[in-house]
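> work-v1.txt (compact mmCIF, C-alpha atoms) pasted underneath:
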```
# COMPACT_ATOMS: atom_id res chain seq x y z
CA GLU U 1 -3.37 -3.06 9.92
CA ALA U 2 -3.03 -3.23 6.15
CA GLY U 3 -5.90 -4.76 4.25
CA VAL U 4 -5.86 -7.06 1.27
CA THR U 5 -3.85 -5.57 -1.56
CA GLN U 6 -4.05 -6.38 -5.24
CA SER U 7 -1.93 -5.48 -8.25
CA PRO U 8 -2.13 -4.17 -10.81
CA THR U 9 -5.14 -1.92 -10.46
CA HIS U 10 -5.85 -2.10 -14.15
CA LEU U 11 -4.64 -4.51 -16.80
CA ILE U 12 -5.25 -4.34 -20.51
CA LYS U 13 -4.56 -7.36 -22.67
CA THR U 14 -5.50 -8.60 -26.09
CA ARG U 15 -7.34 -11.78 -26.92
CA GLY U 16 -5.15 -14.86 -26.66
CA GLN U 17 -2.64 -13.33 -24.27
CA GLN U 18 -2.04 -14.35 -20.68
CA ALA U 19 -2.81 -12.24 -17.62
CA THR U 20 -1.30 -12.50 -14.16
CA LEU U 21 -3.00 -10.89 -11.20
CA ARG U 22 -1.51 -10.69 -7.73
CA CYS U 23 -2.92 -10.59 -4.23
CA SER U 24 -1.40 -10.09 -0.78
CA PRO U 25 -3.63 -11.16 2.11
CA ILE U 26 -4.06 -9.51 5.45
CA SER U 27 -1.14 -10.36 7.71
CA GLY U 28 -1.83 -13.63 9.51
CA HIS U 29 -4.47 -14.82 7.04
CA THR U 30 -3.67 -18.12 5.39
CA SER U 31 -6.63 -18.47 3.03
CA VAL U 32 -6.95 -16.56 -0.23
CA TYR U 33 -9.99 -16.53 -2.50
CA TRP U 34 -10.51 -15.24 -6.02
CA TYR U 35 -13.80 -14.00 -7.42
CA GLN U 36 -14.80 -12.67 -10.81
CA GLN U 37 -17.24 -9.78 -11.11
CA ALA U 38 -18.25 -9.54 -14.73
CA LEU U 39 -20.91 -7.23 -16.08
CA GLY U 40 -24.22 -8.98 -16.08
CA LEU U 41 -22.89 -12.10 -14.35
CA GLY U 42 -22.44 -10.86 -10.81
CA LEU U 43 -19.83 -12.10 -8.37
CA GLN U 44 -18.71 -15.63 -9.00
CA PHE U 45 -16.32 -17.74 -6.95
CA LEU U 46 -13.18 -18.76 -8.85
CA LEU U 47 -10.62 -20.37 -6.54
CA TRP U 48 -9.73 -20.91 -2.89
CA TYR U 49 -6.19 -21.50 -1.67
CA ASP U 50 -5.06 -22.36 1.82
CA GLU U 51 -1.58 -23.26 3.00
CA GLY U 52 -0.36 -23.36 -0.56
CA GLU U 53 -2.95 -25.79 -1.85
CA GLU U 54 -6.04 -25.36 -3.99
CA ARG U 55 -9.01 -26.25 -1.76
CA ASN U 56 -11.98 -25.45 -3.96
CA ARG U 57 -12.66 -24.33 -7.48
CA GLY U 58 -15.63 -22.65 -9.11
CA ASN U 59 -17.18 -23.45 -12.44
CA PHE U 60 -14.44 -21.96 -14.61
CA PRO U 61 -12.34 -23.53 -17.37
CA PRO U 62 -8.81 -24.81 -16.66
CA ARG U 63 -7.24 -21.77 -18.30
CA PHE U 64 -8.05 -20.02 -15.02
CA SER U 65 -5.41 -21.17 -12.59
CA GLY U 66 -3.41 -19.86 -9.70
CA ARG U 67 -1.10 -20.59 -6.88
CA GLN U 68 -0.33 -19.55 -3.34
CA PHE U 69 3.18 -18.81 -2.21
CA PRO U 70 4.81 -19.66 1.15
CA ASN U 71 4.14 -16.10 2.35
CA TYR U 72 0.42 -16.73 1.56
CA SER U 73 0.29 -14.24 -1.30
CA SER U 74 -1.37 -15.53 -4.42
CA GLU U 75 -1.39 -15.23 -8.18
CA LEU U 76 -4.28 -15.74 -10.54
CA ASN U 77 -3.32 -16.64 -14.09
CA VAL U 78 -5.70 -16.47 -16.99
CA ASN U 79 -4.42 -18.06 -20.19
CA ALA U 80 -5.70 -17.67 -23.73
CA LEU U 81 -7.70 -14.60 -22.82
CA GLU U 82 -11.16 -14.20 -24.28
CA LEU U 83 -13.22 -11.03 -24.56
CA GLU U 84 -15.64 -12.31 -21.93
CA ASP U 85 -12.83 -12.52 -19.37
CA SER U 86 -13.06 -8.74 -19.04
CA ALA U 87 -14.12 -8.20 -15.46
CA LEU U 88 -13.15 -6.98 -12.02
CA TYR U 89 -11.19 -9.71 -10.25
CA LEU U 90 -11.48 -9.57 -6.49
CA CYS U 91 -9.23 -11.28 -4.01
CA ALA U 92 -10.25 -11.98 -0.44
CA SER U 93 -8.44 -13.43 2.54
CA SER U 94 -9.48 -15.04 5.79
CA LEU U 95 -8.17 -16.80 8.84
CA LEU U 96 -8.42 -20.51 9.40
CA THR U 97 -10.14 -21.05 12.74
CA ALA U 98 -9.07 -23.47 15.43
CA GLY U 99 -11.92 -25.68 14.29
CA GLY U 100 -10.48 -25.85 10.81
CA THR U 101 -13.04 -23.67 9.10
CA THR U 102 -12.45 -20.29 7.57
CA ASP U 103 -13.65 -17.05 9.06
CA THR U 104 -14.96 -13.90 7.42
CA GLN U 105 -13.57 -13.04 4.00
CA TYR U 106 -12.11 -9.56 3.62
CA PHE U 107 -11.79 -8.21 0.11
CA GLY U 108 -9.20 -6.20 -1.72
CA PRO U 109 -9.92 -3.36 -4.16
CA GLY U 110 -9.73 -5.60 -7.21
CA THR U 111 -7.94 -5.69 -10.54
CA ARG U 112 -9.86 -4.47 -13.56
CA LEU U 113 -8.93 -6.70 -16.51
CA THR U 114 -9.87 -5.50 -19.96
CA VAL U 115 -9.45 -7.84 -22.91
CA LEU U 116 -9.43 -6.18 -26.33
CA ALA H 117 -29.32 -25.80 -5.99
CA GLN H 118 -28.05 -23.24 -3.54
CA SER H 119 -29.05 -19.68 -4.35
CA VAL H 120 -29.23 -16.17 -3.00
CA THR H 121 -31.89 -13.73 -4.14
CA GLN H 122 -31.90 -9.99 -3.85
CA PRO H 123 -35.24 -9.11 -5.42
CA ASP H 124 -34.62 -5.36 -5.67
CA ILE H 125 -32.17 -4.39 -8.41
CA HIS H 126 -32.37 -0.66 -7.66
CA ILE H 127 -33.81 1.27 -4.72
CA THR H 128 -34.08 5.04 -4.36
CA VAL H 129 -34.64 6.62 -0.96
CA SER H 130 -34.53 10.13 0.38
CA GLU H 131 -31.75 11.16 2.69
CA GLY H 132 -32.86 10.63 6.25
CA ALA H 133 -35.43 8.00 5.34
CA SER H 134 -35.30 4.43 6.56
CA LEU H 135 -33.98 1.62 4.42
CA GLU H 136 -34.57 -2.10 4.10
CA LEU H 137 -32.78 -4.27 1.55
CA ARG H 138 -34.09 -7.77 1.06
CA CYS H 139 -32.14 -11.00 0.85
CA ASN H 140 -33.48 -14.54 0.64
CA TYR H 141 -31.48 -17.73 0.39
CA SER H 142 -32.12 -21.30 -0.55
CA TYR H 143 -29.79 -23.74 1.16
CA GLY H 144 -30.04 -27.19 2.66
CA ALA H 145 -28.66 -26.01 5.98
CA THR H 146 -28.42 -22.72 7.82
CA PRO H 147 -25.59 -20.89 6.13
CA TYR H 148 -23.29 -18.16 7.27
CA LEU H 149 -24.73 -14.82 6.12
CA PHE H 150 -23.03 -11.60 5.14
CA TRP H 151 -23.76 -8.16 3.78
CA TYR H 152 -21.08 -6.36 1.82
CA VAL H 153 -21.12 -2.88 0.27
CA GLN H 154 -19.32 -1.83 -2.89
CA SER H 155 -18.74 1.75 -3.96
CA PRO H 156 -18.13 2.39 -7.68
CA GLY H 157 -14.82 0.95 -8.83
CA GLN H 158 -14.01 -0.37 -5.38
CA GLY H 159 -13.77 -3.71 -3.66
CA LEU H 160 -16.25 -5.10 -1.15
CA GLN H 161 -16.46 -3.84 2.40
CA LEU H 162 -18.00 -6.05 5.07
CA LEU H 163 -21.00 -4.44 6.76
CA LEU H 164 -22.03 -7.29 9.06
CA LYS H 165 -22.22 -11.04 9.40
CA TYR H 166 -24.29 -13.76 11.05
CA PHE H 167 -22.78 -17.05 12.08
CA SER H 168 -24.98 -18.10 15.00
CA GLY H 169 -26.62 -16.77 18.16
CA ASP H 170 -28.59 -13.54 18.31
CA THR H 171 -30.54 -13.22 15.09
CA LEU H 172 -30.33 -9.41 15.08
CA VAL H 173 -26.81 -8.37 14.21
CA GLN H 174 -25.31 -4.93 14.28
CA GLY H 175 -22.79 -3.77 11.75
CA ILE H 176 -20.77 -0.77 10.79
CA LYS H 177 -22.16 2.57 9.59
CA GLY H 178 -25.38 2.12 11.57
CA PHE H 179 -26.60 -0.93 9.63
CA GLU H 180 -28.28 -3.95 11.15
CA ALA H 181 -29.70 -7.18 9.77
CA GLU H 182 -32.11 -9.78 11.06
CA PHE H 183 -31.86 -13.48 10.32
CA LYS H 184 -35.27 -15.14 10.02
CA ARG H 185 -34.90 -18.88 9.64
CA SER H 186 -38.59 -19.44 8.92
CA GLN H 187 -38.46 -17.04 5.98
CA SER H 188 -34.91 -17.89 4.86
CA SER H 189 -34.21 -14.18 4.91
CA PHE H 190 -31.47 -11.87 6.06
CA ASN H 191 -32.70 -8.33 5.40
CA LEU H 192 -30.48 -5.31 5.90
CA ARG H 193 -31.86 -2.19 7.58
CA LYS H 194 -30.82 1.30 8.46
CA PRO H 195 -33.09 3.76 10.29
CA SER H 196 -31.81 6.89 8.55
CA VAL H 197 -29.71 6.86 5.39
CA HIS H 198 -26.99 9.34 4.53
CA TRP H 199 -25.92 10.45 1.07
CA SER H 200 -22.68 8.52 1.59
CA ASP H 201 -24.66 5.27 1.76
CA ALA H 202 -25.22 5.37 -2.00
CA ALA H 203 -23.52 2.21 -3.28
CA GLU H 204 -24.24 -1.35 -4.31
CA TYR H 205 -25.10 -3.83 -1.60
CA PHE H 206 -24.49 -7.55 -1.81
CA CYS H 207 -25.88 -10.31 0.32
CA ALA H 208 -23.69 -13.40 0.49
CA VAL H 209 -23.93 -16.84 2.03
CA GLY H 210 -21.37 -19.47 2.83
CA LEU H 211 -21.51 -23.01 4.14
CA PHE H 212 -19.38 -24.54 6.85
CA GLY H 213 -16.62 -26.50 5.20
CA ASN H 214 -17.36 -25.21 1.73
CA GLU H 215 -15.82 -21.84 2.21
CA LYS H 216 -16.81 -20.25 -1.07
CA LEU H 217 -19.31 -17.41 -0.87
CA THR H 218 -22.36 -17.28 -3.07
CA PHE H 219 -23.50 -13.74 -3.77
CA GLY H 220 -26.81 -12.23 -4.67
CA THR H 221 -27.01 -10.05 -7.74
CA GLY H 222 -26.81 -6.89 -5.68
CA THR H 223 -29.06 -3.93 -4.96
CA ARG H 224 -28.01 -0.51 -6.12
CA LEU H 225 -28.97 2.20 -3.64
CA THR H 226 -29.51 5.78 -4.77
CA ILE H 227 -30.00 8.56 -2.24
CA ILE H 228 -31.90 11.69 -3.20
CA PRO H 229 -31.72 14.94 -1.25
```
Is it possible to give me this structure as structure tokens?

Amino acid sequence: EAGVTQSPTHLIKTRGQQATLRCSPISGHTSVYWYQQALGLGLQFLLWYDEGEERNRGNFPPRFSGRQFPNYSSELNVNALELEDSALYLCASSLLTAGGTTDTQYFGPGTRLTVL
Amino acid sequence: AQSVTQPDIHITVSEGASLELRCNYSYGATPYLFWYVQSPGQGLQLLLKYFSGDTLVQGIKGFEAEFKRSQSSFNLRKPSVHWSDAAEYFCAVGLFGNEKLTFGTGTRLTIIP
């Protein structure tokens, strides 16, 4: 069974540009999560999507946004890039249980975003 | 505020020695608990998880962890480490209905021959 996939592996942008990162969840998973792993800041929750809707959002400015498509894949968009946005962006996916809660999150390999 | 603490930033152990990585949490309710491992430049791999039931959980690669409610801890153990265990280890907690994971700052494990 294929795991969570992310593209691109690396992305280099300049300050002020926009970045788009993509994630494909494990087959059958409906929830997708985005996390930022920046040097010195650890892993921080960004966004959670389920069934095409944003369910929860971390403490990030509005220029971090995303969406989930009908096939449950997801995009993370970062507008007006700043130097401090340089980080590893991790996507995770999970199942929604019969009780309506999400199960274990499985992570992809990440996209390394570098802002120059 | 909810928090997860991994007090050891870096641990060095000899190959074949036992290992214990510490994790403490501060939450209003009993959370879901996870340990993930990250090799350099890679994503996170799930080692084990605790949702409920038996407080000693077994994971992959010979790891185990014990949930101690009274100490708000979920320490990771391995009886004999291998050189391939060198990586960064993250403890994470989640709350029912909240879904986001809160991670500790990680413990980097170095294995010496």
> Record the distance separating CA of Gln105 (chain U) and CA of Tyr148 (chain H), expressed in Å with one decimal.
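Interatomic distance, CA of Gln105 (chain U) to CA of Tyr148 (chain H): 11.5 Å.
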> Write out as CSV the residues of chain U that have any atom within 8 Å of an atom of chain H, one row each with the nearest atom pair and its distance in Å to one decimal, counting all atoms listed in the file, sorted by chain and then rising number.

```
residue,atom,partner,partner_atom,distance
U:Tyr33,CA,H:Lys216,CA,7.9
U:Gly42,CA,H:Thr221,CA,5.6
U:Leu43,CA,H:Phe219,CA,6.1
U:Gln44,CA,H:Thr218,CA,7.2
U:Phe45,CA,H:Lys216,CA,6.4
U:Trp48,CA,H:Lys216,CA,7.3
U:Asn56,CA,H:Lys216,CA,7.7
U:Leu90,CA,H:Gly159,CA,6.9
U:Thr101,CA,H:Gly213,CA,6.0
U:Thr102,CA,H:Glu215,CA,6.5
U:Tyr106,CA,H:Leu162,CA,7.0
U:Phe107,CA,H:Leu160,CA,5.6
U:Gly108,CA,H:Gly159,CA,5.6
U:Pro109,CA,H:Gly159,CA,3.9
U:Gly110,CA,H:Gly159,CA,5.7
```
> Separation of CA of Leu96 (chain U) and CA of Tyr49 (chain U), in Å?
11.3 Å
> So how many Å separate CA of Glu54 (chain U) and CA of Thr20 (chain U), to one decimal?
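If I compute the distance from CA of Glu54 (chain U) to CA of Thr20 (chain U), I get 17.1 Å.
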> Closest to Asp201 (chain H) among H:Val173, H:Ala133, H:Ser189, H:Pro123, using all atoms listed in the file?
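Looking at the shortest contact to Asp201 (chain H), the residue is H:Ala133.
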> Measuring atom to atom with only C-alpha atoms, identify which of U:Gln6, U:Asn59, U:Ser93, U:Thr14 is nearest to Ile26 (chain U).
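Under the stated criterion, the closest residue is U:Ser93.
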> List the spatial neighbours of Ala202 (chain H) as a list in words - criterion: any atom at most 8 Å away, all atoms listed in the file, same-chain residues fewer than 6 positions off excluded.
Ser155, Arg224, Leu225, Thr226 and Ile227 of chain H
> Which is closest to Ser168 (chain H) among H:Thr146, H:Ala181, H:Gln187, H:Val153, if we use all atoms listed in the file?
H:Thr146
> Just add all heavy atoms to region 42-53 of chain U and send it as an mmCIF file, in the frame of the given file.

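Okay, out.cif is ready:
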```cif
data_model
loop_
_atom_site.group_PDB
_atom_site.id
_atom_site.type_symbol
_atom_site.label_atom_id
_atom_site.label_comp_id
_atom_site.auth_asym_id
_atom_site.auth_seq_id
_atom_site.Cartn_x
_atom_site.Cartn_y
_atom_site.Cartn_z
ATOM 1 N N GLY U 42 -22.567 -10.933 -12.262
ATOM 2 C CA GLY U 42 -22.440 -10.860 -10.810
ATOM 3 C C GLY U 42 -21.112 -11.375 -10.313
ATOM 4 O O GLY U 42 -20.159 -11.551 -11.065
ATOM 5 N N LEU U 43 -21.052 -11.625 -9.019
ATOM 6 C CA LEU U 43 -19.830 -12.100 -8.370
ATOM 7 C C LEU U 43 -19.827 -13.616 -8.348
ATOM 8 O O LEU U 43 -20.728 -14.237 -7.795
ATOM 9 C CB LEU U 43 -19.779 -11.588 -6.930
ATOM 10 C CG LEU U 43 -19.282 -10.173 -6.739
ATOM 11 C CD1 LEU U 43 -19.932 -9.527 -5.535
ATOM 12 C CD2 LEU U 43 -17.771 -10.190 -6.587
ATOM 13 N N GLN U 44 -18.792 -14.174 -8.940
ATOM 14 C CA GLN U 44 -18.710 -15.630 -9.000
ATOM 15 C C GLN U 44 -17.397 -16.114 -8.403
ATOM 16 O O GLN U 44 -16.334 -15.583 -8.709
ATOM 17 C CB GLN U 44 -18.817 -16.115 -10.442
ATOM 18 C CG GLN U 44 -20.146 -15.771 -11.095
ATOM 19 C CD GLN U 44 -20.224 -16.343 -12.486
ATOM 20 O OE1 GLN U 44 -20.464 -17.542 -12.660
ATOM 21 N NE2 GLN U 44 -20.009 -15.522 -13.465
ATOM 22 N N PHE U 45 -17.481 -17.155 -7.593
ATOM 23 C CA PHE U 45 -16.320 -17.740 -6.950
ATOM 24 C C PHE U 45 -15.442 -18.444 -7.986
ATOM 25 O O PHE U 45 -15.934 -19.213 -8.832
ATOM 26 C CB PHE U 45 -16.784 -18.750 -5.899
ATOM 27 C CG PHE U 45 -15.696 -19.630 -5.372
ATOM 28 C CD1 PHE U 45 -14.766 -19.147 -4.474
ATOM 29 C CD2 PHE U 45 -15.614 -20.953 -5.781
ATOM 30 C CE1 PHE U 45 -13.764 -19.967 -3.985
ATOM 31 C CE2 PHE U 45 -14.622 -21.786 -5.290
ATOM 32 C CZ PHE U 45 -13.694 -21.289 -4.396
ATOM 33 N N LEU U 46 -14.149 -18.168 -7.928
ATOM 34 C CA LEU U 46 -13.180 -18.760 -8.850
ATOM 35 C C LEU U 46 -12.352 -19.858 -8.170
ATOM 36 O O LEU U 46 -12.360 -21.006 -8.574
ATOM 37 C CB LEU U 46 -12.213 -17.684 -9.333
ATOM 38 C CG LEU U 46 -12.371 -17.109 -10.726
ATOM 39 C CD1 LEU U 46 -11.485 -15.892 -10.888
ATOM 40 C CD2 LEU U 46 -12.060 -18.148 -11.772
ATOM 41 N N LEU U 47 -11.604 -19.461 -7.134
ATOM 42 C CA LEU U 47 -10.620 -20.370 -6.540
ATOM 43 C C LEU U 47 -10.448 -20.044 -5.061
ATOM 44 O O LEU U 47 -10.624 -18.912 -4.640
ATOM 45 C CB LEU U 47 -9.257 -20.216 -7.218
ATOM 46 C CG LEU U 47 -9.131 -20.735 -8.648
ATOM 47 C CD1 LEU U 47 -7.952 -20.062 -9.343
ATOM 48 C CD2 LEU U 47 -8.969 -22.240 -8.658
ATOM 49 N N TRP U 48 -10.068 -21.065 -4.297
ATOM 50 C CA TRP U 48 -9.730 -20.910 -2.890
ATOM 51 C C TRP U 48 -8.407 -21.638 -2.633
ATOM 52 O O TRP U 48 -8.283 -22.810 -2.963
ATOM 53 C CB TRP U 48 -10.832 -21.459 -1.997
ATOM 54 C CG TRP U 48 -10.456 -21.571 -0.543
ATOM 55 C CD1 TRP U 48 -9.668 -20.714 0.179
ATOM 56 C CD2 TRP U 48 -10.835 -22.594 0.360
ATOM 57 N NE1 TRP U 48 -9.551 -21.152 1.469
ATOM 58 C CE2 TRP U 48 -10.261 -22.299 1.629
ATOM 59 C CE3 TRP U 48 -11.631 -23.737 0.248
ATOM 60 C CZ2 TRP U 48 -10.460 -23.109 2.743
ATOM 61 C CZ3 TRP U 48 -11.830 -24.537 1.364
ATOM 62 C CH2 TRP U 48 -11.243 -24.220 2.591
ATOM 63 N N TYR U 49 -7.463 -20.918 -2.052
ATOM 64 C CA TYR U 49 -6.190 -21.500 -1.670
ATOM 65 C C TYR U 49 -5.995 -21.369 -0.160
ATOM 66 O O TYR U 49 -6.355 -20.352 0.448
ATOM 67 C CB TYR U 49 -5.019 -20.786 -2.366
ATOM 68 C CG TYR U 49 -4.980 -21.049 -3.832
ATOM 69 C CD1 TYR U 49 -5.573 -20.162 -4.719
ATOM 70 C CD2 TYR U 49 -4.364 -22.183 -4.336
ATOM 71 C CE1 TYR U 49 -5.557 -20.407 -6.072
ATOM 72 C CE2 TYR U 49 -4.351 -22.437 -5.701
ATOM 73 C CZ TYR U 49 -4.951 -21.542 -6.555
ATOM 74 O OH TYR U 49 -4.931 -21.792 -7.896
ATOM 75 N N ASP U 50 -5.420 -22.415 0.404
ATOM 76 C CA ASP U 50 -5.060 -22.360 1.820
ATOM 77 C C ASP U 50 -3.794 -23.180 2.033
ATOM 78 O O ASP U 50 -3.701 -24.318 1.521
ATOM 79 C CB ASP U 50 -6.172 -22.893 2.711
ATOM 80 C CG ASP U 50 -5.842 -22.725 4.183
ATOM 81 O OD1 ASP U 50 -5.900 -21.583 4.659
ATOM 82 O OD2 ASP U 50 -5.487 -23.726 4.836
ATOM 83 N N GLU U 51 -2.865 -22.608 2.736
ATOM 84 C CA GLU U 51 -1.580 -23.260 3.000
ATOM 85 C C GLU U 51 -0.939 -23.797 1.726
ATOM 86 O O GLU U 51 -0.387 -24.899 1.693
ATOM 87 C CB GLU U 51 -1.778 -24.401 4.022
ATOM 88 C CG GLU U 51 -2.236 -23.915 5.383
ATOM 89 C CD GLU U 51 -1.116 -23.214 6.164
ATOM 90 O OE1 GLU U 51 0.041 -23.172 5.698
ATOM 91 O OE2 GLU U 51 -1.413 -22.676 7.249
ATOM 92 N N GLY U 52 -1.041 -23.018 0.683
ATOM 93 C CA GLY U 52 -0.360 -23.360 -0.560
ATOM 94 C C GLY U 52 -1.079 -24.336 -1.464
ATOM 95 O O GLY U 52 -0.573 -24.677 -2.544
ATOM 96 N N GLU U 53 -2.243 -24.794 -1.049
ATOM 97 C CA GLU U 53 -2.950 -25.790 -1.850
ATOM 98 C C GLU U 53 -4.297 -25.258 -2.321
ATOM 99 O O GLU U 53 -4.956 -24.484 -1.616
ATOM 100 C CB GLU U 53 -3.172 -27.064 -1.041
ATOM 101 C CG GLU U 53 -1.864 -27.724 -0.624
ATOM 102 C CD GLU U 53 -2.034 -29.210 -0.368
ATOM 103 O OE1 GLU U 53 -3.120 -29.748 -0.639
ATOM 104 O OE2 GLU U 53 -1.067 -29.831 0.119
#
```
